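J.: So that you have it, the file is upload.txt, and it contains compact mmCIF, N, CA and C atoms:
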# COMPACT_ATOMS: atom_id res chain seq x y z
N MET A 9 36.58 -18.37 -10.51
CA MET A 9 36.83 -16.95 -10.54
C MET A 9 38.04 -16.64 -9.68
N ARG A 10 38.63 -15.51 -9.93
CA ARG A 10 39.79 -15.09 -9.14
C ARG A 10 39.31 -14.59 -7.79
N ASN A 11 40.09 -14.84 -6.78
CA ASN A 11 39.77 -14.41 -5.42
C ASN A 11 40.26 -12.98 -5.22
N LYS A 12 39.43 -12.17 -4.60
CA LYS A 12 39.83 -10.81 -4.22
C LYS A 12 40.63 -10.89 -2.92
N HIS A 13 41.51 -9.93 -2.71
CA HIS A 13 42.38 -9.96 -1.53
C HIS A 13 41.62 -9.71 -0.24
N HIS A 14 40.52 -8.98 -0.31
CA HIS A 14 39.82 -8.59 0.90
C HIS A 14 38.76 -9.59 1.36
N VAL A 15 38.61 -10.70 0.69
CA VAL A 15 37.60 -11.70 1.04
C VAL A 15 38.00 -12.40 2.33
N LYS A 16 37.08 -12.41 3.28
CA LYS A 16 37.35 -13.06 4.57
C LYS A 16 36.71 -14.44 4.55
N PHE A 17 37.46 -15.43 5.04
CA PHE A 17 36.98 -16.81 5.02
C PHE A 17 37.65 -17.58 6.14
N ARG A 18 37.11 -18.77 6.40
CA ARG A 18 37.76 -19.71 7.31
C ARG A 18 37.91 -21.03 6.58
N VAL A 19 39.00 -21.71 6.87
CA VAL A 19 39.30 -22.98 6.21
C VAL A 19 38.55 -24.09 6.93
N ILE A 20 37.78 -24.86 6.18
CA ILE A 20 37.05 -26.00 6.73
C ILE A 20 37.87 -27.28 6.57
N ALA A 21 38.48 -27.46 5.40
CA ALA A 21 39.28 -28.65 5.13
C ALA A 21 40.38 -28.30 4.14
N ALA A 22 41.45 -29.07 4.20
CA ALA A 22 42.56 -28.89 3.26
C ALA A 22 42.91 -30.23 2.65
N ARG A 23 43.24 -30.22 1.36
CA ARG A 23 43.64 -31.43 0.65
C ARG A 23 45.11 -31.33 0.28
N PRO A 24 45.81 -32.46 0.22
CA PRO A 24 47.23 -32.41 -0.17
C PRO A 24 47.37 -32.06 -1.66
N VAL A 25 48.47 -31.37 -1.98
CA VAL A 25 48.72 -30.95 -3.36
C VAL A 25 50.15 -31.31 -3.75
N ASP A 26 50.37 -31.41 -5.05
CA ASP A 26 51.70 -31.64 -5.60
C ASP A 26 52.32 -30.28 -5.90
N LYS A 27 53.24 -29.85 -5.05
CA LYS A 27 53.83 -28.51 -5.21
C LYS A 27 54.68 -28.40 -6.46
N ALA A 28 55.13 -29.51 -7.01
CA ALA A 28 55.93 -29.48 -8.24
C ALA A 28 55.08 -29.01 -9.43
N SER A 29 53.76 -29.22 -9.36
CA SER A 29 52.88 -28.80 -10.45
C SER A 29 52.51 -27.32 -10.36
N GLY A 30 52.95 -26.64 -9.32
CA GLY A 30 52.64 -25.22 -9.17
C GLY A 30 51.54 -24.95 -8.16
N LEU A 31 50.83 -25.99 -7.75
CA LEU A 31 49.77 -25.81 -6.76
C LEU A 31 50.38 -25.55 -5.39
N ARG A 32 49.79 -24.65 -4.65
CA ARG A 32 50.27 -24.34 -3.31
C ARG A 32 49.29 -24.79 -2.24
N CYS A 33 47.98 -24.69 -2.52
CA CYS A 33 47.00 -25.20 -1.57
C CYS A 33 45.69 -25.49 -2.27
N ASP A 34 44.94 -26.42 -1.70
CA ASP A 34 43.61 -26.80 -2.19
C ASP A 34 42.75 -26.95 -0.94
N GLN A 35 41.88 -25.98 -0.70
CA GLN A 35 41.13 -25.91 0.54
C GLN A 35 39.63 -25.80 0.29
N THR A 36 38.86 -26.27 1.26
CA THR A 36 37.43 -26.00 1.30
C THR A 36 37.25 -24.87 2.32
N ILE A 37 36.60 -23.80 1.90
CA ILE A 37 36.46 -22.63 2.77
C ILE A 37 34.99 -22.25 2.93
N GLN A 38 34.74 -21.45 3.95
CA GLN A 38 33.43 -20.86 4.17
C GLN A 38 33.64 -19.35 4.28
N LEU A 39 32.89 -18.59 3.52
CA LEU A 39 32.98 -17.13 3.60
C LEU A 39 32.46 -16.68 4.95
N THR A 40 33.10 -15.66 5.55
CA THR A 40 32.75 -15.29 6.93
C THR A 40 32.12 -13.92 7.09
N SER A 41 32.35 -12.99 6.18
CA SER A 41 31.74 -11.67 6.36
C SER A 41 30.23 -11.78 6.14
N PRO A 42 29.44 -10.96 6.83
CA PRO A 42 27.98 -11.06 6.72
C PRO A 42 27.46 -10.90 5.29
N TRP A 43 28.02 -9.95 4.54
CA TRP A 43 27.54 -9.72 3.19
C TRP A 43 27.85 -10.91 2.28
N SER A 44 29.08 -11.44 2.37
CA SER A 44 29.46 -12.55 1.50
C SER A 44 28.74 -13.84 1.89
N ARG A 45 28.50 -14.05 3.18
CA ARG A 45 27.74 -15.24 3.60
C ARG A 45 26.31 -15.18 3.11
N LYS A 46 25.75 -13.96 3.08
CA LYS A 46 24.39 -13.81 2.58
C LYS A 46 24.36 -14.04 1.07
N SER A 47 25.38 -13.57 0.35
CA SER A 47 25.44 -13.73 -1.10
C SER A 47 25.70 -15.17 -1.51
N TYR A 48 26.58 -15.86 -0.77
CA TYR A 48 26.92 -17.24 -1.12
C TYR A 48 27.17 -18.04 0.16
N PRO A 49 26.14 -18.68 0.70
CA PRO A 49 26.29 -19.38 1.98
C PRO A 49 26.95 -20.77 1.88
N GLN A 50 27.04 -21.35 0.70
CA GLN A 50 27.63 -22.68 0.55
C GLN A 50 29.16 -22.62 0.66
N PRO A 51 29.77 -23.76 0.98
CA PRO A 51 31.24 -23.80 1.00
C PRO A 51 31.81 -23.64 -0.42
N LEU A 52 33.02 -23.14 -0.49
CA LEU A 52 33.72 -22.95 -1.76
C LEU A 52 35.05 -23.69 -1.72
N ARG A 53 35.60 -23.90 -2.88
CA ARG A 53 36.92 -24.50 -2.98
C ARG A 53 37.90 -23.40 -3.36
N ARG A 54 38.98 -23.28 -2.59
CA ARG A 54 40.00 -22.26 -2.81
C ARG A 54 41.27 -22.97 -3.26
N ILE A 55 41.75 -22.60 -4.45
CA ILE A 55 42.97 -23.20 -5.01
C ILE A 55 43.98 -22.09 -5.25
N ARG A 56 45.15 -22.25 -4.65
CA ARG A 56 46.21 -21.26 -4.85
C ARG A 56 47.31 -21.93 -5.65
N LEU A 57 47.77 -21.25 -6.71
CA LEU A 57 48.82 -21.80 -7.55
C LEU A 57 49.82 -20.72 -7.92
N TYR A 58 51.03 -21.17 -8.17
CA TYR A 58 52.09 -20.26 -8.62
C TYR A 58 52.33 -20.52 -10.08
N ASP A 59 52.18 -19.48 -10.89
CA ASP A 59 52.43 -19.57 -12.33
C ASP A 59 53.87 -19.13 -12.58
N ALA A 60 54.76 -20.10 -12.76
CA ALA A 60 56.19 -19.80 -12.92
C ALA A 60 56.46 -19.05 -14.21
N GLU A 61 55.66 -19.29 -15.25
CA GLU A 61 55.87 -18.62 -16.54
C GLU A 61 55.70 -17.11 -16.41
N ASN A 62 54.66 -16.67 -15.71
CA ASN A 62 54.40 -15.24 -15.53
C ASN A 62 54.85 -14.73 -14.16
N GLN A 63 55.37 -15.60 -13.33
CA GLN A 63 55.84 -15.28 -11.98
C GLN A 63 54.77 -14.57 -11.17
N VAL A 64 53.60 -15.19 -11.09
CA VAL A 64 52.49 -14.61 -10.34
C VAL A 64 51.77 -15.73 -9.60
N THR A 65 51.23 -15.40 -8.43
CA THR A 65 50.43 -16.35 -7.66
C THR A 65 48.96 -16.03 -7.89
N LEU A 66 48.20 -17.04 -8.25
CA LEU A 66 46.77 -16.89 -8.49
C LEU A 66 46.01 -17.64 -7.43
N VAL A 67 44.90 -17.06 -6.99
CA VAL A 67 44.00 -17.73 -6.06
C VAL A 67 42.64 -17.80 -6.73
N LEU A 68 42.15 -19.02 -6.92
CA LEU A 68 40.89 -19.25 -7.61
C LEU A 68 39.85 -19.78 -6.64
N LEU A 69 38.61 -19.35 -6.82
CA LEU A 69 37.48 -19.87 -6.05
C LEU A 69 36.54 -20.58 -7.00
N THR A 70 36.05 -21.73 -6.58
CA THR A 70 35.12 -22.49 -7.41
C THR A 70 34.16 -23.27 -6.53
N ASN A 71 33.06 -23.70 -7.12
CA ASN A 71 32.14 -24.58 -6.40
C ASN A 71 32.25 -26.01 -6.93
N GLN A 72 33.29 -26.30 -7.72
CA GLN A 72 33.53 -27.63 -8.25
C GLN A 72 34.44 -28.41 -7.30
N PHE A 73 33.88 -29.41 -6.63
CA PHE A 73 34.66 -30.19 -5.68
C PHE A 73 35.08 -31.54 -6.25
N GLU A 74 34.43 -31.99 -7.34
CA GLU A 74 34.72 -33.31 -7.90
C GLU A 74 35.92 -33.29 -8.84
N VAL A 75 36.19 -32.14 -9.45
CA VAL A 75 37.24 -32.02 -10.47
C VAL A 75 38.59 -31.82 -9.77
N PRO A 76 39.66 -32.48 -10.25
CA PRO A 76 40.98 -32.26 -9.66
C PRO A 76 41.44 -30.80 -9.81
N ALA A 77 42.25 -30.36 -8.87
CA ALA A 77 42.72 -28.97 -8.86
C ALA A 77 43.52 -28.63 -10.11
N GLU A 78 44.27 -29.58 -10.65
CA GLU A 78 45.05 -29.33 -11.86
C GLU A 78 44.15 -29.02 -13.04
N VAL A 79 43.01 -29.70 -13.11
CA VAL A 79 42.06 -29.47 -14.21
C VAL A 79 41.44 -28.08 -14.08
N ILE A 80 41.13 -27.66 -12.86
CA ILE A 80 40.54 -26.34 -12.65
C ILE A 80 41.52 -25.25 -13.06
N THR A 81 42.79 -25.41 -12.71
CA THR A 81 43.77 -24.40 -13.09
C THR A 81 43.98 -24.37 -14.60
N GLU A 82 43.92 -25.54 -15.24
CA GLU A 82 44.07 -25.58 -16.71
C GLU A 82 42.86 -24.95 -17.38
N LEU A 83 41.67 -25.17 -16.84
CA LEU A 83 40.46 -24.53 -17.39
C LEU A 83 40.57 -23.01 -17.29
N TYR A 84 41.13 -22.51 -16.19
CA TYR A 84 41.30 -21.07 -16.04
C TYR A 84 42.26 -20.54 -17.11
N ARG A 85 43.33 -21.26 -17.35
CA ARG A 85 44.29 -20.84 -18.39
C ARG A 85 43.63 -20.84 -19.77
N LYS A 86 42.85 -21.87 -20.07
CA LYS A 86 42.16 -21.95 -21.37
C LYS A 86 41.13 -20.83 -21.49
N ARG A 87 40.45 -20.51 -20.39
CA ARG A 87 39.48 -19.43 -20.39
C ARG A 87 40.15 -18.12 -20.79
N TRP A 88 41.36 -17.93 -20.33
CA TRP A 88 42.10 -16.71 -20.67
C TRP A 88 42.40 -16.67 -22.16
N GLN A 89 42.71 -17.81 -22.77
CA GLN A 89 42.95 -17.86 -24.21
C GLN A 89 41.69 -17.49 -24.99
N VAL A 90 40.54 -17.92 -24.50
CA VAL A 90 39.27 -17.55 -25.14
C VAL A 90 39.06 -16.04 -25.04
N GLU A 91 39.35 -15.48 -23.87
CA GLU A 91 39.21 -14.03 -23.69
C GLU A 91 40.13 -13.27 -24.65
N LEU A 92 41.36 -13.76 -24.82
CA LEU A 92 42.28 -13.11 -25.75
C LEU A 92 41.78 -13.21 -27.18
N PHE A 93 41.15 -14.32 -27.55
CA PHE A 93 40.59 -14.48 -28.89
C PHE A 93 39.48 -13.45 -29.12
N PHE A 94 38.59 -13.28 -28.15
CA PHE A 94 37.51 -12.31 -28.32
C PHE A 94 38.05 -10.88 -28.32
N LYS A 95 39.12 -10.63 -27.59
CA LYS A 95 39.75 -9.31 -27.64
C LYS A 95 40.31 -9.06 -29.04
N TRP A 96 40.93 -10.09 -29.63
CA TRP A 96 41.45 -9.98 -31.00
C TRP A 96 40.30 -9.69 -31.97
N ILE A 97 39.18 -10.39 -31.80
CA ILE A 97 38.02 -10.16 -32.68
C ILE A 97 37.57 -8.71 -32.58
N LYS A 98 37.48 -8.18 -31.35
CA LYS A 98 37.03 -6.80 -31.18
C LYS A 98 38.00 -5.81 -31.80
N GLN A 99 39.30 -6.11 -31.76
CA GLN A 99 40.30 -5.17 -32.27
C GLN A 99 40.47 -5.25 -33.79
N HIS A 100 40.31 -6.44 -34.38
CA HIS A 100 40.65 -6.60 -35.78
C HIS A 100 39.46 -6.76 -36.72
N LEU A 101 38.36 -7.25 -36.23
CA LEU A 101 37.21 -7.46 -37.10
C LEU A 101 36.20 -6.35 -36.85
N ARG A 102 35.74 -5.76 -37.91
CA ARG A 102 34.81 -4.63 -37.80
C ARG A 102 33.37 -5.14 -37.79
N ILE A 103 32.94 -5.65 -36.67
CA ILE A 103 31.56 -6.13 -36.54
C ILE A 103 30.79 -5.04 -35.81
N ARG A 104 29.91 -4.40 -36.52
CA ARG A 104 29.16 -3.27 -35.95
C ARG A 104 28.03 -3.72 -35.04
N SER A 105 27.28 -4.72 -35.48
CA SER A 105 26.15 -5.19 -34.67
C SER A 105 25.80 -6.61 -35.08
N PHE A 106 25.01 -7.23 -34.24
CA PHE A 106 24.53 -8.57 -34.54
C PHE A 106 23.05 -8.47 -34.91
N TYR A 107 22.58 -9.49 -35.62
CA TYR A 107 21.20 -9.46 -36.12
C TYR A 107 20.19 -9.92 -35.07
N GLY A 108 20.66 -10.45 -33.99
CA GLY A 108 19.78 -10.93 -32.93
C GLY A 108 20.61 -11.51 -31.80
N ARG A 109 19.97 -12.29 -30.94
CA ARG A 109 20.68 -12.86 -29.81
C ARG A 109 20.81 -14.38 -29.89
N SER A 110 20.31 -14.95 -30.94
CA SER A 110 20.43 -16.40 -31.10
C SER A 110 21.87 -16.75 -31.48
N GLU A 111 22.20 -18.01 -31.36
CA GLU A 111 23.55 -18.47 -31.69
C GLU A 111 23.87 -18.19 -33.16
N ASN A 112 22.91 -18.44 -34.03
CA ASN A 112 23.13 -18.24 -35.46
C ASN A 112 23.27 -16.75 -35.80
N ALA A 113 22.51 -15.89 -35.13
CA ALA A 113 22.59 -14.45 -35.39
C ALA A 113 23.93 -13.87 -34.98
N VAL A 114 24.61 -14.50 -34.03
CA VAL A 114 25.94 -14.05 -33.61
C VAL A 114 27.01 -14.71 -34.47
N ARG A 115 26.81 -15.97 -34.79
CA ARG A 115 27.82 -16.72 -35.53
C ARG A 115 28.02 -16.20 -36.96
N CYS A 116 26.95 -15.87 -37.65
CA CYS A 116 27.05 -15.45 -39.06
C CYS A 116 27.93 -14.21 -39.26
N PRO A 117 27.71 -13.10 -38.53
CA PRO A 117 28.61 -11.95 -38.74
C PRO A 117 30.06 -12.22 -38.35
N ILE A 118 30.28 -13.05 -37.32
CA ILE A 118 31.65 -13.35 -36.91
C ILE A 118 32.36 -14.14 -38.00
N TRP A 119 31.71 -15.18 -38.52
CA TRP A 119 32.33 -15.98 -39.58
C TRP A 119 32.53 -15.15 -40.85
N SER A 120 31.59 -14.29 -41.16
CA SER A 120 31.74 -13.44 -42.36
C SER A 120 32.94 -12.52 -42.20
N ALA A 121 33.10 -11.93 -41.02
CA ALA A 121 34.22 -11.03 -40.78
C ALA A 121 35.55 -11.79 -40.80
N ILE A 122 35.57 -12.99 -40.24
CA ILE A 122 36.80 -13.79 -40.26
C ILE A 122 37.16 -14.16 -41.70
N CYS A 123 36.16 -14.53 -42.51
CA CYS A 123 36.41 -14.86 -43.92
C CYS A 123 36.96 -13.65 -44.68
N ALA A 124 36.39 -12.48 -44.44
CA ALA A 124 36.89 -11.27 -45.11
C ALA A 124 38.33 -10.98 -44.69
N TYR A 125 38.63 -11.15 -43.40
CA TYR A 125 39.98 -10.93 -42.89
C TYR A 125 40.96 -11.89 -43.55
N LEU A 126 40.57 -13.16 -43.66
CA LEU A 126 41.46 -14.16 -44.27
C LEU A 126 41.65 -13.91 -45.77
N MET A 127 40.61 -13.44 -46.44
CA MET A 127 40.75 -13.13 -47.86
C MET A 127 41.74 -11.98 -48.06
N VAL A 128 41.67 -10.98 -47.22
CA VAL A 128 42.61 -9.86 -47.31
C VAL A 128 44.03 -10.35 -47.00
N ALA A 129 44.16 -11.28 -46.05
CA ALA A 129 45.48 -11.84 -45.73
C ALA A 129 46.04 -12.60 -46.92
N LEU A 130 45.19 -13.35 -47.63
CA LEU A 130 45.65 -14.07 -48.82
C LEU A 130 46.07 -13.11 -49.93
N VAL A 131 45.30 -12.05 -50.13
CA VAL A 131 45.64 -11.05 -51.16
C VAL A 131 46.96 -10.38 -50.81
N ARG A 132 47.15 -10.07 -49.53
CA ARG A 132 48.41 -9.44 -49.09
C ARG A 132 49.59 -10.36 -49.38
N LYS A 133 49.42 -11.64 -49.11
CA LYS A 133 50.51 -12.59 -49.35
C LYS A 133 50.77 -12.76 -50.85
N GLU A 134 49.72 -12.87 -51.64
CA GLU A 134 49.87 -13.07 -53.08
C GLU A 134 50.54 -11.87 -53.75
N LEU A 135 50.20 -10.66 -53.32
CA LEU A 135 50.74 -9.44 -53.93
C LEU A 135 52.01 -8.95 -53.24
N ASN A 136 52.46 -9.65 -52.20
CA ASN A 136 53.66 -9.28 -51.44
C ASN A 136 53.60 -7.83 -50.95
N LEU A 137 52.46 -7.45 -50.39
CA LEU A 137 52.30 -6.09 -49.87
C LEU A 137 52.99 -5.96 -48.52
N GLN A 138 53.56 -4.78 -48.27
CA GLN A 138 54.28 -4.55 -47.03
C GLN A 138 53.40 -3.95 -45.94
N LYS A 139 52.24 -3.45 -46.31
CA LYS A 139 51.35 -2.82 -45.32
C LYS A 139 50.74 -3.89 -44.42
N SER A 140 50.37 -3.45 -43.21
CA SER A 140 49.73 -4.39 -42.28
C SER A 140 48.31 -4.69 -42.73
N LEU A 141 47.76 -5.77 -42.19
CA LEU A 141 46.40 -6.15 -42.54
C LEU A 141 45.40 -5.08 -42.13
N ASN A 142 45.64 -4.43 -41.00
CA ASN A 142 44.73 -3.37 -40.54
C ASN A 142 44.73 -2.20 -41.53
N GLU A 143 45.92 -1.84 -42.04
CA GLU A 143 45.98 -0.75 -43.03
C GLU A 143 45.27 -1.14 -44.31
N ILE A 144 45.44 -2.34 -44.75
CA ILE A 144 44.77 -2.80 -45.97
C ILE A 144 43.26 -2.83 -45.78
N LEU A 145 42.82 -3.32 -44.65
CA LEU A 145 41.38 -3.40 -44.38
C LEU A 145 40.75 -2.00 -44.34
N GLN A 146 41.49 -1.03 -43.84
CA GLN A 146 40.94 0.33 -43.78
C GLN A 146 40.85 0.93 -45.16
Could the structure of this file be written out as structure tokens, please?
T.:
Amino acid sequence: MRNKHHVKFRVIAARPVDKASGLRCDQTIQLTSPWSRKSYPQPLRRIRLYDAENQVTLVLLTNQFEVPAEVITELYRKRWQVELFFKWIKQHLRIRSFYGRSENAVRCPIWSAICAYLMVALVRKELNLQKSLNEILQ
């Protein structure tokens, strides 16, 4: 998860990092404020990296100590791609409700909506329509 700016902690240990990969620090920390220590008393791993593509510094907290820091940062980037995919689904596919909470009850309406979207895209291409897919779907 992303670290909030107001989180108070103390550094227990620090590991060396390859700054060429964008990593700035890899630390083991302990939360110090009374509320945060009560919520999560175990040590955490704090990874700070600079994303040169977006020119932003990210600070991530995790309880994964066995995985290399580069893998954790890549997982965070991939997680963001998944979030963007679900945002696209919410914006472009008209799924009103699901039939239940099981995996199959969620999967069926999503696949049906994606198939309908792709069929409209194929019709648009075949007929050389200039309208956007959203206009055609409406």
J.: Could you jot down the atom CA of Pro51 of chain A to atom CA of Val67 of chain A separation for me, Å, one decimal place?
T.: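 Atom-to-atom, atom CA of Pro51 of chain A and atom CA of Val67 of chain A are spaced 15.8 Å apart.
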J.: Could you tell me, as a ChimeraX atom specification, which residues of chain A DSSP assigns to strand (DSSP E) when given the backbone?
T.: /A:17-23,31-39,52-59,64-70
J.: I'd like the interatomic distance between atom N of Gln50 of chain A and atom CA of Asn71 of chain A, to a tenth of an Å.
T.: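 If I compute the distance from atom N of Gln50 of chain A to atom CA of Asn71 of chain A, I get 9.3 Å.
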J.: Would you compute the distance between atom C of Tyr84 of chain A and atom CA of Pro24 of chain A? Give it in Å to one decimal.
T.: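 Computing it gives 21.3 Å between the two atoms.
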J.: Name the closest residue to Leu39 of chain A among the candidates A:Asn142, A:Thr65, A:Thr81, A:Asn11; distances are taken between atoms, counting only C-alpha atoms.
T.: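 Among the listed residues, the smallest separation from Leu39 of chain A belongs to A:Asn11.
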J.: Find, counting only C-alpha atoms, the residue in A:Tyr125, A:Phe106, A:Phe17, A:Trp119 that gets nearest to Leu69 of chain A.
T.: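 Among the listed residues, A:Phe17 lies closest to Leu69 of chain A.
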J.: Could you name the residues that touch segment 57-64 of chain A at 8 Å or less, counting only C-alpha atoms, but leaving out those on the same chain fewer than 2 positions away, as number ranges by chain?
T.: A: 30-33, 55, 66-67, 81
J.: Take the residues that were just selected and, keeping N, CA and C atoms, output them as a tab-separated table (two decimals), in the coordinates of the input.
T.:
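Below you can see again-v7.tsv, which holds the result:
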chain	number	residue	atom	x	y	z
A	30	GLY	N	52.95	-26.64	-9.32
A	30	GLY	CA	52.64	-25.22	-9.17
A	30	GLY	C	51.54	-24.95	-8.16
A	31	LEU	N	50.83	-25.99	-7.75
A	31	LEU	CA	49.77	-25.81	-6.76
A	31	LEU	C	50.38	-25.55	-5.39
A	32	ARG	N	49.79	-24.65	-4.65
A	32	ARG	CA	50.27	-24.34	-3.31
A	32	ARG	C	49.29	-24.79	-2.24
A	33	CYS	N	47.98	-24.69	-2.52
A	33	CYS	CA	47.00	-25.20	-1.57
A	33	CYS	C	45.69	-25.49	-2.27
A	55	ILE	N	41.75	-22.60	-4.45
A	55	ILE	CA	42.97	-23.20	-5.01
A	55	ILE	C	43.98	-22.09	-5.25
A	66	LEU	N	48.20	-17.04	-8.25
A	66	LEU	CA	46.77	-16.89	-8.49
A	66	LEU	C	46.01	-17.64	-7.43
A	67	VAL	N	44.90	-17.06	-6.99
A	67	VAL	CA	44.00	-17.73	-6.06
A	67	VAL	C	42.64	-17.80	-6.73
A	81	THR	N	42.79	-25.41	-12.71
A	81	THR	CA	43.77	-24.40	-13.09
A	81	THR	C	43.98	-24.37	-14.60
J.: Please determine, counting only C-alpha atoms, which residue among A:Arg102, A:Arg54, A:Arg85, A:His14 has the shortest atom-to-atom distance to Ser120 of chain A.
T.: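 When distances to Ser120 of chain A are compared using only C-alpha atoms, the smallest one comes from A:Arg102.
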J.: Among segment 76-131 of chain A, which residues carry a DSSP assignment of helix (DSSP H, G or I), reported as an NGL selection string?
T.: :A and (77-100 or 111-131)
